[in-house]
>>> print(open('structure_29.cif').read())   # mmCIF, C-alpha atoms and all ligand atoms
data_structure
loop_
_atom_site.label_atom_id
_atom_site.label_comp_id
_atom_site.auth_asym_id
_atom_site.auth_seq_id
_atom_site.Cartn_x
_atom_site.Cartn_y
_atom_site.Cartn_z
CA MET A 1 -1.50 122.53 117.41
CA LYS A 2 1.58 123.05 115.30
CA THR A 3 2.28 126.65 114.32
CA ILE A 4 2.29 127.42 110.62
CA TYR A 5 4.66 130.34 110.29
CA LEU A 6 3.96 132.44 107.20
CA ASP A 7 5.47 135.78 108.18
CA HIS A 8 9.05 135.45 106.93
CA ALA A 9 9.21 139.10 105.84
CA ALA A 10 8.91 140.08 109.52
CA THR A 11 11.61 137.69 110.64
CA THR A 12 12.90 134.19 109.93
CA PRO A 13 13.72 131.41 112.37
CA THR A 14 17.47 131.20 113.02
CA ASP A 15 18.85 128.21 111.12
CA ARG A 16 20.08 125.51 113.51
CA GLU A 17 23.40 125.37 111.66
CA VAL A 18 23.72 129.11 112.23
CA VAL A 19 23.08 128.72 115.96
CA ALA A 20 25.66 125.91 116.08
CA ALA A 21 28.24 128.11 114.36
CA MET A 22 27.56 130.97 116.79
CA THR A 23 27.57 129.04 120.06
CA PRO A 24 31.35 128.70 120.62
CA TYR A 25 31.73 132.46 120.31
CA PHE A 26 29.65 132.96 123.46
CA THR A 27 31.72 130.51 125.50
CA ASP A 28 35.18 129.13 124.61
CA LYS A 29 35.89 131.66 121.88
CA PHE A 30 34.68 134.71 123.79
CA GLY A 31 37.67 136.96 123.00
CA ASN A 32 37.44 140.60 122.01
CA PRO A 33 38.56 140.72 118.37
CA SER A 34 40.41 143.98 119.03
CA THR A 35 42.91 142.24 121.35
CA LEU A 36 46.14 140.63 120.27
CA TYR A 37 46.33 137.34 122.19
CA GLY A 38 44.96 133.97 121.08
CA VAL A 39 41.23 134.15 121.84
CA GLY A 40 41.11 137.69 120.46
CA ARG A 41 42.84 136.70 117.23
CA GLU A 42 40.47 133.73 116.94
CA ALA A 43 37.44 136.04 117.15
CA LYS A 44 39.02 138.46 114.69
CA ALA A 45 39.62 135.63 112.20
CA ALA A 46 36.00 134.53 112.53
CA ILE A 47 34.79 138.06 111.77
CA GLU A 48 36.98 138.30 108.70
CA GLU A 49 35.67 134.95 107.47
CA ALA A 50 32.09 136.20 107.91
CA ARG A 51 32.98 139.39 106.04
CA GLU A 52 34.24 137.36 103.10
CA LYS A 53 31.03 135.31 102.98
CA VAL A 54 28.83 138.40 103.00
CA ALA A 55 31.01 140.17 100.42
CA SER A 56 31.00 137.17 98.11
CA LEU A 57 27.19 137.15 98.00
CA LEU A 58 27.31 140.79 96.84
CA GLY A 59 30.16 140.54 94.37
CA ALA A 60 32.00 143.00 96.65
CA ASP A 61 35.44 143.27 98.15
CA PRO A 62 35.49 142.16 101.83
CA GLY A 63 37.02 145.54 102.69
CA GLU A 64 33.77 147.18 101.58
CA VAL A 65 31.55 145.32 104.10
CA PHE A 66 31.03 146.73 107.61
CA PHE A 67 29.04 145.03 110.36
CA THR A 68 26.24 146.91 112.13
CA SER A 69 23.41 146.17 114.55
CA GLY A 70 20.93 145.49 111.74
CA GLY A 71 19.03 146.85 108.79
CA THR A 72 17.78 149.91 110.64
CA GLU A 73 21.27 151.05 111.61
CA SER A 74 22.59 150.41 108.10
CA ASP A 75 19.80 152.52 106.58
CA ASN A 76 20.39 155.34 109.09
CA GLN A 77 24.14 155.17 108.50
CA ALA A 78 23.73 155.37 104.73
CA LEU A 79 21.45 158.41 104.71
CA VAL A 80 22.92 160.42 107.58
CA GLY A 81 26.51 159.45 106.74
CA ILE A 82 26.28 160.49 103.11
CA VAL A 83 24.41 163.77 103.47
CA TYR A 84 26.62 165.04 106.31
CA ALA A 85 29.81 164.04 104.46
CA ASN A 86 28.72 165.87 101.33
CA GLU A 87 27.38 169.14 102.76
CA LYS A 88 29.81 171.13 100.63
CA LYS A 89 28.48 169.52 97.46
CA GLY A 90 24.76 169.75 98.18
CA ASN A 91 21.89 169.13 100.53
CA HIS A 92 19.40 167.10 98.52
CA LEU A 93 18.48 163.43 98.66
CA ILE A 94 15.96 161.34 96.74
CA THR A 95 14.00 158.36 98.03
CA CYS A 96 10.52 156.92 97.48
CA ALA A 97 7.18 156.74 99.24
CA ILE A 98 7.19 152.99 99.98
CA GLU A 99 10.55 152.71 101.72
CA HIS A 100 10.84 151.04 105.11
CA HIS A 101 10.45 153.52 107.97
CA ALA A 102 14.18 153.14 108.70
CA VAL A 103 14.75 155.13 105.48
CA LEU A 104 11.61 157.29 105.38
CA ASP A 105 11.83 158.50 108.97
CA THR A 106 15.56 159.20 108.57
CA ALA A 107 14.77 161.30 105.48
CA GLU A 108 12.14 163.17 107.54
CA PHE A 109 14.70 163.70 110.33
CA LEU A 110 17.16 165.15 107.82
CA LYS A 111 14.46 167.44 106.40
CA ARG A 112 13.88 168.86 109.86
CA ARG A 113 17.62 169.59 110.04
CA GLY A 114 17.54 171.66 106.85
CA PHE A 115 18.25 169.07 104.16
CA GLU A 116 15.93 168.66 101.21
CA ALA A 117 14.32 165.34 100.34
CA THR A 118 12.34 164.38 97.26
CA ILE A 119 10.01 161.47 98.02
CA LEU A 120 9.21 159.90 94.66
CA PRO A 121 5.79 158.36 94.02
CA VAL A 122 5.26 154.77 92.88
CA ASP A 123 2.79 153.35 90.37
CA LYS A 124 -0.14 151.08 91.25
CA TYR A 125 2.22 148.09 91.45
CA GLY A 126 4.56 149.87 93.86
CA MET A 127 7.17 150.43 91.14
CA VAL A 128 9.47 153.46 90.96
CA ASP A 129 9.97 154.91 87.47
CA PRO A 130 13.74 155.31 86.87
CA GLU A 131 12.94 158.35 84.71
CA ASP A 132 11.45 160.01 87.81
CA VAL A 133 14.80 159.48 89.52
CA ARG A 134 16.60 161.08 86.57
CA ARG A 135 14.27 164.10 86.61
CA ALA A 136 14.57 164.55 90.37
CA ILE A 137 18.38 164.74 90.36
CA ASN A 138 19.67 168.32 90.50
CA GLY A 139 23.05 169.98 91.10
CA LYS A 140 22.57 169.67 94.86
CA THR A 141 21.69 165.95 94.95
CA VAL A 142 24.09 163.82 96.97
CA LEU A 143 22.14 160.57 97.43
CA VAL A 144 19.51 158.38 95.79
CA SER A 145 18.05 155.71 98.12
CA ILE A 146 15.61 153.23 96.58
CA MET A 147 14.93 149.86 98.17
CA HIS A 148 15.68 146.65 96.25
CA ALA A 149 12.39 144.94 97.18
CA ASN A 150 9.51 146.13 99.29
CA ASN A 151 8.87 144.28 102.54
CA GLU A 152 5.08 144.62 102.41
CA VAL A 153 4.02 144.07 98.80
CA GLY A 154 7.17 142.39 97.50
CA THR A 155 7.70 144.59 94.44
CA VAL A 156 11.28 144.38 93.16
CA GLN A 157 12.58 147.73 91.91
CA PRO A 158 14.67 148.25 88.75
CA VAL A 159 17.76 148.97 90.84
CA ALA A 160 20.27 148.37 88.03
CA GLU A 161 18.59 151.07 85.90
CA ILE A 162 18.39 153.45 88.85
CA GLY A 163 22.03 152.74 89.72
CA LYS A 164 23.08 153.57 86.18
CA ILE A 165 21.24 156.89 86.28
CA ALA A 166 22.76 157.84 89.65
CA ARG A 167 26.25 156.83 88.51
CA GLU A 168 25.99 158.92 85.33
CA ALA A 169 24.96 161.91 87.44
CA GLY A 170 27.80 161.34 89.92
CA VAL A 171 25.34 160.76 92.79
CA ALA A 172 25.78 158.01 95.41
CA PHE A 173 23.17 155.22 95.20
CA HIS A 174 21.98 153.36 98.30
CA THR A 175 19.59 150.41 98.29
CA ASP A 176 17.89 148.77 101.25
CA ALA A 177 18.38 145.11 100.29
CA VAL A 178 17.16 143.67 103.58
CA GLN A 179 14.43 141.66 101.83
CA THR A 180 16.62 140.45 98.96
CA PHE A 181 20.08 139.71 100.37
CA GLY A 182 20.40 135.93 100.44
CA HIS A 183 17.12 135.57 98.53
CA LEU A 184 17.77 137.12 95.10
CA PRO A 185 21.05 137.55 93.21
CA ILE A 186 22.82 140.87 93.87
CA ASP A 187 25.90 142.23 92.14
CA VAL A 188 26.90 145.65 93.46
CA ASN A 189 29.09 146.34 90.43
CA ALA A 190 26.63 145.31 87.73
CA MET A 191 23.84 147.15 89.56
CA LYS A 192 26.05 150.20 90.22
CA ILE A 193 25.20 150.21 93.91
CA ASP A 194 27.38 152.36 96.21
CA LEU A 195 25.74 151.52 99.55
CA LEU A 196 23.53 148.59 100.54
CA SER A 197 21.79 147.55 103.76
CA ILE A 198 21.58 143.98 105.09
CA SER A 199 19.88 142.48 108.15
CA GLY A 200 20.77 139.06 109.60
CA HIS A 201 17.34 137.99 110.81
CA LYS A 202 15.69 138.22 107.38
CA LEU A 203 17.86 135.40 105.98
CA TYR A 204 17.73 132.83 108.80
CA GLY A 205 20.49 134.59 110.74
CA PRO A 206 20.28 136.15 114.21
CA LYS A 207 18.50 139.37 115.17
CA GLY A 208 20.47 142.47 116.12
CA VAL A 209 23.18 142.10 113.50
CA GLY A 210 23.47 143.41 109.97
CA ALA A 211 25.91 144.93 107.56
CA ILE A 212 26.37 147.86 105.26
CA TYR A 213 28.22 147.67 101.97
CA ILE A 214 30.08 150.90 101.23
CA ARG A 215 31.84 151.15 97.86
CA LYS A 216 35.51 152.00 98.18
CA GLY A 217 36.08 155.73 97.76
CA THR A 218 32.57 156.78 98.90
CA ARG A 219 32.54 159.96 100.99
CA ILE A 220 30.70 159.09 104.20
CA ILE A 221 31.00 159.97 107.88
CA PRO A 222 30.66 157.32 110.59
CA PHE A 223 27.43 157.00 112.51
CA MET A 224 28.92 155.52 115.68
CA HIS A 225 31.89 157.19 117.36
CA GLY A 226 34.25 155.57 119.83
CA GLY A 227 36.76 152.79 119.23
CA GLY A 228 38.49 152.18 115.93
CA GLN A 229 36.59 149.02 114.98
CA GLU A 230 35.53 148.30 111.40
CA SER A 231 38.32 150.45 109.92
CA ARG A 232 37.05 153.39 112.03
CA ARG A 233 33.73 153.26 110.19
CA ARG A 234 31.67 151.72 112.99
CA ALA A 235 32.80 152.01 116.60
CA GLY A 236 31.79 149.52 119.27
CA THR A 237 32.96 146.06 120.32
CA HIS A 238 31.93 143.57 117.67
CA ASN A 239 28.90 141.35 118.18
CA VAL A 240 31.09 138.35 117.40
CA PRO A 241 28.47 135.56 117.70
CA GLY A 242 26.01 137.63 115.68
CA ILE A 243 28.52 138.40 112.95
CA VAL A 244 29.56 134.73 112.76
CA GLY A 245 25.85 133.86 112.49
CA LEU A 246 25.29 136.35 109.68
CA GLY A 247 28.30 134.93 107.84
CA LYS A 248 26.99 131.38 108.21
CA ALA A 249 23.53 132.46 107.04
CA ALA A 250 25.11 134.06 103.95
CA GLU A 251 27.11 130.90 103.28
CA ILE A 252 23.95 128.74 103.45
CA ALA A 253 21.99 131.20 101.31
CA ALA A 254 24.66 131.10 98.61
CA VAL A 255 23.97 127.37 98.25
CA GLU A 256 20.19 127.36 98.77
CA MET A 257 19.14 130.57 97.03
CA GLY A 258 18.51 129.30 93.52
CA SER A 259 16.43 126.24 94.38
CA GLU A 260 14.62 128.12 97.13
CA GLU A 261 13.56 130.87 94.75
CA ALA A 262 12.24 128.33 92.26
CA HIS A 263 10.35 126.33 94.92
CA LEU A 264 8.84 129.37 96.64
CA SER A 265 7.74 131.16 93.51
CA ILE A 266 5.71 128.10 92.49
CA LEU A 267 4.01 127.95 95.91
CA ARG A 268 3.48 131.73 95.79
CA ASP A 269 1.79 131.65 92.39
CA GLU A 270 -0.41 128.72 93.42
CA LEU A 271 -1.47 130.50 96.59
CA ILE A 272 -2.24 133.75 94.79
CA ALA A 273 -4.30 131.96 92.13
CA SER A 274 -6.20 129.93 94.73
CA ILE A 275 -7.07 132.91 96.94
CA LEU A 276 -8.33 134.86 93.93
CA GLU A 277 -10.39 131.82 92.91
CA ARG A 278 -11.86 130.91 96.31
CA VAL A 279 -12.55 134.34 97.79
CA GLU A 280 -14.59 137.02 96.02
CA ASP A 281 -13.55 140.67 95.78
CA VAL A 282 -9.87 140.15 96.34
CA ARG A 283 -7.13 142.13 94.68
CA LEU A 284 -3.44 141.32 94.51
CA ASN A 285 -1.15 144.05 95.84
CA GLY A 286 2.28 144.58 94.34
CA HIS A 287 3.69 143.68 90.96
CA PRO A 288 2.29 140.50 89.34
CA THR A 289 5.72 139.24 88.20
CA GLU A 290 8.47 141.57 89.50
CA ARG A 291 7.96 140.44 93.08
CA LEU A 292 9.77 138.58 95.85
CA PRO A 293 9.47 134.80 95.37
CA ASN A 294 7.92 134.42 98.84
CA ASN A 295 5.47 137.34 98.95
CA ILE A 296 1.68 137.20 98.71
CA ASN A 297 -0.18 140.41 99.58
CA VAL A 298 -3.89 140.83 98.93
CA CYS A 299 -6.69 143.18 99.91
CA ILE A 300 -9.82 141.30 100.86
CA GLU A 301 -12.67 143.75 100.61
CA GLY A 302 -15.04 144.02 103.54
CA ALA A 303 -12.85 142.04 105.93
CA GLU A 304 -10.59 143.86 108.35
CA GLY A 305 -6.90 142.87 108.15
CA GLU A 306 -6.21 142.77 111.87
CA ALA A 307 -9.34 140.67 112.46
CA MET A 308 -8.25 138.18 109.76
CA LEU A 309 -4.80 138.02 111.34
CA LEU A 310 -6.25 137.23 114.78
CA SER A 311 -8.66 134.65 113.39
CA LEU A 312 -5.84 132.92 111.53
CA ASP A 313 -3.74 133.03 114.70
CA MET A 314 -6.48 131.02 116.42
CA GLU A 315 -5.95 128.40 113.72
CA GLY A 316 -2.21 128.42 114.45
CA ILE A 317 -1.28 130.41 111.35
CA CYS A 318 1.02 133.46 111.60
CA VAL A 319 0.58 136.09 108.89
CA SER A 320 0.63 139.86 108.90
CA SER A 321 -1.63 142.70 107.92
CA GLY A 322 -0.09 145.81 106.44
CA SER A 323 3.32 145.72 108.07
CA ALA A 324 4.43 144.30 111.41
CA CYS A 325 5.95 147.69 112.20
CA THR A 326 2.67 149.53 111.71
CA SER A 327 0.24 147.11 113.34
CA GLY A 328 -1.02 148.47 116.60
CA THR A 329 -1.95 151.71 114.87
CA LEU A 330 -5.17 152.16 112.95
CA ASN A 331 -3.53 153.86 109.96
CA PRO A 332 -3.51 151.72 106.86
CA SER A 333 -0.06 150.93 105.52
CA HIS A 334 1.80 153.86 103.92
CA VAL A 335 2.87 151.47 101.18
CA LEU A 336 -0.68 150.56 100.11
CA LEU A 337 -1.81 154.20 100.28
CA ALA A 338 1.18 155.30 98.14
CA MET A 339 0.09 152.72 95.54
CA GLY A 340 -3.25 154.51 95.30
CA ILE A 341 -5.30 151.91 97.15
CA PRO A 342 -8.22 153.60 98.95
CA ALA A 343 -7.89 153.53 102.77
CA GLU A 344 -11.12 151.55 103.11
CA ILE A 345 -9.75 148.74 100.95
CA ALA A 346 -6.22 148.97 102.38
CA HIS A 347 -7.70 148.06 105.78
CA GLY A 348 -8.39 144.58 104.40
CA SER A 349 -4.80 143.78 103.57
CA LEU A 350 -3.24 140.43 104.34
CA ARG A 351 0.44 139.59 103.83
CA VAL A 352 1.59 135.98 103.65
CA THR A 353 5.35 135.48 103.32
CA LEU A 354 6.66 131.98 102.72
CA GLY A 355 10.00 130.56 103.86
CA ARG A 356 12.51 127.78 103.46
CA SER A 357 10.43 125.29 105.43
CA THR A 358 7.02 126.15 103.94
CA THR A 359 5.20 123.14 102.51
CA LYS A 360 2.32 122.68 100.10
CA LYS A 361 0.37 121.15 103.00
CA GLU A 362 0.67 124.35 105.02
CA ILE A 363 -0.55 126.40 102.06
CA ASP A 364 -3.48 124.03 101.60
CA TYR A 365 -4.42 124.44 105.25
CA LEU A 366 -4.39 128.22 104.94
CA LEU A 367 -6.60 127.93 101.85
CA GLU A 368 -9.02 125.71 103.77
CA VAL A 369 -9.47 128.01 106.77
CA LEU A 370 -9.29 131.44 105.11
CA PRO A 371 -12.56 131.49 103.09
CA PRO A 372 -14.87 130.76 106.09
CA ILE A 373 -13.01 133.35 108.18
CA VAL A 374 -13.51 135.96 105.46
CA GLU A 375 -17.18 135.06 105.16
CA ARG A 376 -17.74 135.39 108.91
CA LEU A 377 -15.86 138.69 109.17
CA ARG A 378 -17.66 140.17 106.18
CA LYS A 379 -21.02 139.52 107.84
CA MET A 380 -20.05 141.60 110.86
CA SER A 381 -17.74 144.21 109.31
CA PRO A 382 -18.73 147.83 108.79
CA LEU A 383 -16.30 148.02 105.84
CA LYS A 384 -18.20 148.35 102.59
CA ARG A 385 -17.47 146.37 99.47
CA THR A 386 -17.27 148.09 96.10
CA ARG A 387 -19.81 145.75 94.56
C1 LIG A 401 13.27 144.34 108.46
C2 LIG A 401 13.63 145.46 107.55
C3 LIG A 401 14.46 146.52 107.96
C4 LIG A 401 14.96 146.62 109.38
O1 LIG A 401 15.95 145.68 109.69
P1 LIG A 401 16.26 145.34 111.23
O2 LIG A 401 17.47 144.49 111.20
O3 LIG A 401 15.06 144.64 111.76
O4 LIG A 401 16.51 146.66 111.91
C5 LIG A 401 14.78 147.50 107.06
N1 LIG A 401 14.32 147.45 105.79
C6 LIG A 401 13.54 146.46 105.34
C7 LIG A 401 13.09 146.45 103.93
C8 LIG A 401 13.16 145.44 106.21
O5 LIG A 401 12.35 144.46 105.76
#
>>> encode(input="structure_29.cif", output="structure tokens")
Amino acid sequence: MKTIYLDHAATTPTDREVVAAMTPYFTDKFGNPSTLYGVGREAKAAIEEAREKVASLLGADPGEVFFTSGGTESDNQALVGIVYANEKKGNHLITCAIEHHAVLDTAEFLKRRGFEATILPVDKYGMVDPEDVRRAINGKTVLVSIMHANNEVGTVQPVAEIGKIAREAGVAFHTDAVQTFGHLPIDVNAMKIDLLSISGHKLYGPKGVGAIYIRKGTRIIPFMHGGGQESRRRAGTHNVPGIVGLGKAAEIAAVEMGSEEAHLSILRDELIASILERVEDVRLNGHPTERLPNNINVCIEGAEGEAMLLSLDMEGICVSSGSACTSGTLNPSHVLLAMGIPAEIAHGSLRVTLGRSTTKKEIDYLLEVLPPIVERLRKMSPLKRTR
């Protein structure tokens, strides 16, 4: 049985072209980029080329892009680095209730160390109101961190508006763009973004590598201490193959992004419409239009999410329920709860995230096997339906 992979928000397969670009940097071109002889200079040149590719997809200067170990490190660096660098100015940061745990848990960590954090609510679509950001900013605020698009429900936030508000108030603005970099257009200048997080494995690059964009002139302290790599902003010997892979993934995305977005959003809308038509008592989670082109997230009343996931797995289909990071616990997703969805209904959530290789045939197969699975699970589930 061929696997139908529909969990691209959790991770994407590494593009074969990316793997091919990386391979020489494990073997022949193994040099440490901080050394001065041939193989070292070769590795250094490859890193700088990757930096240019990432920067160009952001409308940034290559000198404003720093490589990290992934989205989680970039998020931690942004929050911790900004608040500790600006202690003289203030001790307050603003974020929102549906952020990835890499941001939310870092904000909680900072709260325990005496900083103040305002966690803004979202509406029923998972949208942050920019006016809430404006109202939450006070004289002590040093950072606003609002994600570009949510990894569970796909809602795309009005980051340009939020960036404008933060800029006017003289407050640094960070956005976790892990789900959008290489998928949706980003312009750090037009959107007034000061810091932005990227992860390689969410855009067909390798795992364990990412980047952080830091606007020139931003006051921030480094997160990793040691060698002088990355202009002293991020110590540690470079993950050269990983960085080369991220650069290649960005280069491919720059070419593919537009047509991919158009293709996926059509499949997405067809799938949403068909699920709502073929299964009763289903609600769409997330914003109906302001959403990632590849994201479908529904609550299927009376059927338990984890049970649906396992049943679909037996049919060779990979999807997720709630979030990959929270499965294994019985708590419904913090994102769905923050959107006001009752816990009982949130338990029936199913996330399908399409990718570059997804075909209409795969979607049709999902639509064929899902309704009988739901019917079977509903018969045995203790979860009640609202009607
Ligand atoms: C996957 C993800 C992260 C974490 O990135 P890693 O590279 O896996 O550490 C952070 N934020 C969002 C929105 C994500 O989807």
>>> residues_near_ligand(input="structure_29.cif", ligand="ligand LIG 401 (chain A)", cutoff="7 Å", atoms="all atoms listed in the file", output="list in words")
Ala9, Ala10, Gly70, Gly71, Thr72, Glu73, His100, Ala102, Met147, Ala149, Asn150, Asn151, Asp176, Ala177, Val178, Gln179, Ser199, Gly200, His201, Lys202, Lys207, Gly208, Val209 and Gly210 of chain A
>>> residues_near_point(input="structure_29.cif", point="(15.5, 142.9, 92.0)", cutoff="6 Å", atoms="only C-alpha atoms", output="ChimeraX atom specification")
/A:148,156-157
>>> residues_around(input="structure_29.cif", residues="A:Leu310", least_positions_apart="5", cutoff="10 Å", atoms="only C-alpha atoms", output="VMD selection string")
chain A and resid 305 315 to 321
>>> atom_distance(input="structure_29.cif", atom1="atom CA of A:Val188", atom2="atom CA of A:Glu64")
10.7 Å
>>> residues_around(input="structure_29.cif", residues="A:Leu196", least_positions_apart="4", cutoff="7 Å", atoms="all atoms listed in the file", output="JSON, numbers by chain")
{"A": [174, 175, 176, 177, 212, 213, 214]}
>>> write_last_selection(input="structure_29.cif", atoms="C-alpha atoms", output="tab-separated table (two decimals), in the frame of the given file")
chain	number	residue	atom	x	y	z
A	174	HIS	CA	21.98	153.36	98.30
A	175	THR	CA	19.59	150.41	98.29
A	176	ASP	CA	17.89	148.77	101.25
A	177	ALA	CA	18.38	145.11	100.29
A	212	ILE	CA	26.37	147.86	105.26
A	213	TYR	CA	28.22	147.67	101.97
A	214	ILE	CA	30.08	150.90	101.23
>>> atom_distance(input="structure_29.cif", atom1="atom CA of A:Ala343", atom2="atom CA of A:Lys111")
26.6 Å
>>> closest_atom_pairs(input="structure_29.cif", of="stretch 266-359 of chain A", to="stretch 112-127 of chain A", cutoff="7 Å", atoms="all atoms listed in the file", output="JSON lines")
{"residue": "A:Asn285", "atom": "CA", "partner": "A:Tyr125", "partner_atom": "CA", "distance": 6.9}
{"residue": "A:Gly286", "atom": "CA", "partner": "A:Tyr125", "partner_atom": "CA", "distance": 4.5}
{"residue": "A:His287", "atom": "CA", "partner": "A:Tyr125", "partner_atom": "CA", "distance": 4.7}
{"residue": "A:Ala338", "atom": "CA", "partner": "A:Val122", "partner_atom": "CA", "distance": 6.7}
{"residue": "A:Met339", "atom": "CA", "partner": "A:Lys124", "partner_atom": "CA", "distance": 4.6}
{"residue": "A:Gly340", "atom": "CA", "partner": "A:Lys124", "partner_atom": "CA", "distance": 6.2}
>>> residues_around(input="structure_29.cif", residues="A:Glu230", least_positions_apart="5", cutoff="12 Å", atoms="all atoms listed in the file", output="MDAnalysis selection string")
chainID A and resid 33:34 44 47:48 51 62:68 211:214 222:225 235:239
>>> closest_residue(input="structure_29.cif", among="A:Ile345, A:Leu367, A:Ile300, A:Leu104", to="A:Asp281", atoms="all atoms listed in the file")
A:Ile300
>>> residues_around(input="structure_29.cif", residues="stretch 265-273 of chain A", least_positions_apart="5", cutoff="7 Å", atoms="all atoms listed in the file", output="compact mmCIF listing (two decimals) with C-alpha atoms, in the coordinates of the input")
# COMPACT_ATOMS: atom_id res chain seq x y z
CA PRO A 293 9.47 134.80 95.37
CA ASN A 294 7.92 134.42 98.84
CA ASN A 295 5.47 137.34 98.95
CA ILE A 296 1.68 137.20 98.71
CA LYS A 360 2.32 122.68 100.10
CA ILE A 363 -0.55 126.40 102.06
>>> closest_residue(input="structure_29.cif", among="A:Lys164, A:Lys248, A:Lys192, A:Arg278", to="A:Arg16", atoms="only C-alpha atoms")
A:Lys248
>>> closest_residue(input="structure_29.cif", among="A:Glu362, A:Asp105, A:Glu304, A:Glu368", to="A:Ser381", atoms="all atoms listed in the file")
A:Glu304
>>> atom_distance(input="structure_29.cif", atom1="atom CA of A:Glu251", atom2="atom CA of A:Val54")
7.7 Å
>>> closest_residue(input="structure_29.cif", among="A:Gly81, A:Pro158, A:Gly205, A:Gly247", to="A:Pro130", atoms="all atoms listed in the file")
A:Pro158
>>> build_atoms(input="structure_29.cif", residues="stretch 356-361 of chain A", atoms="all heavy atoms", output="CSV table (one decimal), in the coordinates of the input")
chain,number,residue,atom,x,y,z
A,356,ARG,N,11.8,129.0,103.8
A,356,ARG,CA,12.5,127.8,103.5
A,356,ARG,C,11.8,126.5,103.8
A,356,ARG,O,11.9,125.5,103.1
A,356,ARG,CB,13.8,127.8,104.2
A,356,ARG,CG,15.0,127.1,103.6
A,356,ARG,CD,16.3,127.4,104.4
A,356,ARG,NE,17.0,128.5,103.7
A,356,ARG,CZ,18.1,129.1,104.3
A,356,ARG,NH1,18.5,128.7,105.5
A,356,ARG,NH2,18.7,130.0,103.6
A,357,SER,N,11.0,126.5,105.0
A,357,SER,CA,10.4,125.3,105.4
A,357,SER,C,9.0,125.2,105.0
A,357,SER,O,8.3,124.2,105.4
A,357,SER,CB,10.5,125.2,107.0
A,357,SER,OG,9.7,126.3,107.5
A,358,THR,N,8.4,126.2,104.3
A,358,THR,CA,7.0,126.2,103.9
A,358,THR,C,6.7,125.0,103.0
A,358,THR,O,7.4,124.7,102.1
A,358,THR,CB,6.6,127.5,103.3
A,358,THR,OG1,7.0,128.5,104.1
A,358,THR,CG2,5.1,127.5,103.0
A,359,THR,N,5.6,124.3,103.3
A,359,THR,CA,5.2,123.1,102.5
A,359,THR,C,3.9,123.4,101.8
A,359,THR,O,3.1,124.3,102.2
A,359,THR,CB,5.0,121.9,103.4
A,359,THR,OG1,4.0,122.2,104.3
A,359,THR,CG2,6.3,121.5,104.1
A,360,LYS,N,3.6,122.6,100.8
A,360,LYS,CA,2.3,122.7,100.1
A,360,LYS,C,1.2,122.4,101.1
A,360,LYS,O,0.1,123.0,101.0
A,360,LYS,CB,2.3,121.6,99.0
A,360,LYS,CG,1.1,121.5,98.2
A,360,LYS,CD,1.0,122.5,97.0
A,360,LYS,CE,-0.1,122.1,96.0
A,360,LYS,NZ,-1.4,122.3,96.6
A,361,LYS,N,1.4,121.5,102.0
A,361,LYS,CA,0.4,121.2,103.0
A,361,LYS,C,0.0,122.4,103.8
A,361,LYS,O,-1.2,122.6,104.1
A,361,LYS,CB,0.9,120.0,103.9
A,361,LYS,CG,0.0,118.9,104.0
A,361,LYS,CD,0.6,117.7,104.9
A,361,LYS,CE,-0.1,117.6,106.2
A,361,LYS,NZ,0.6,116.7,107.1
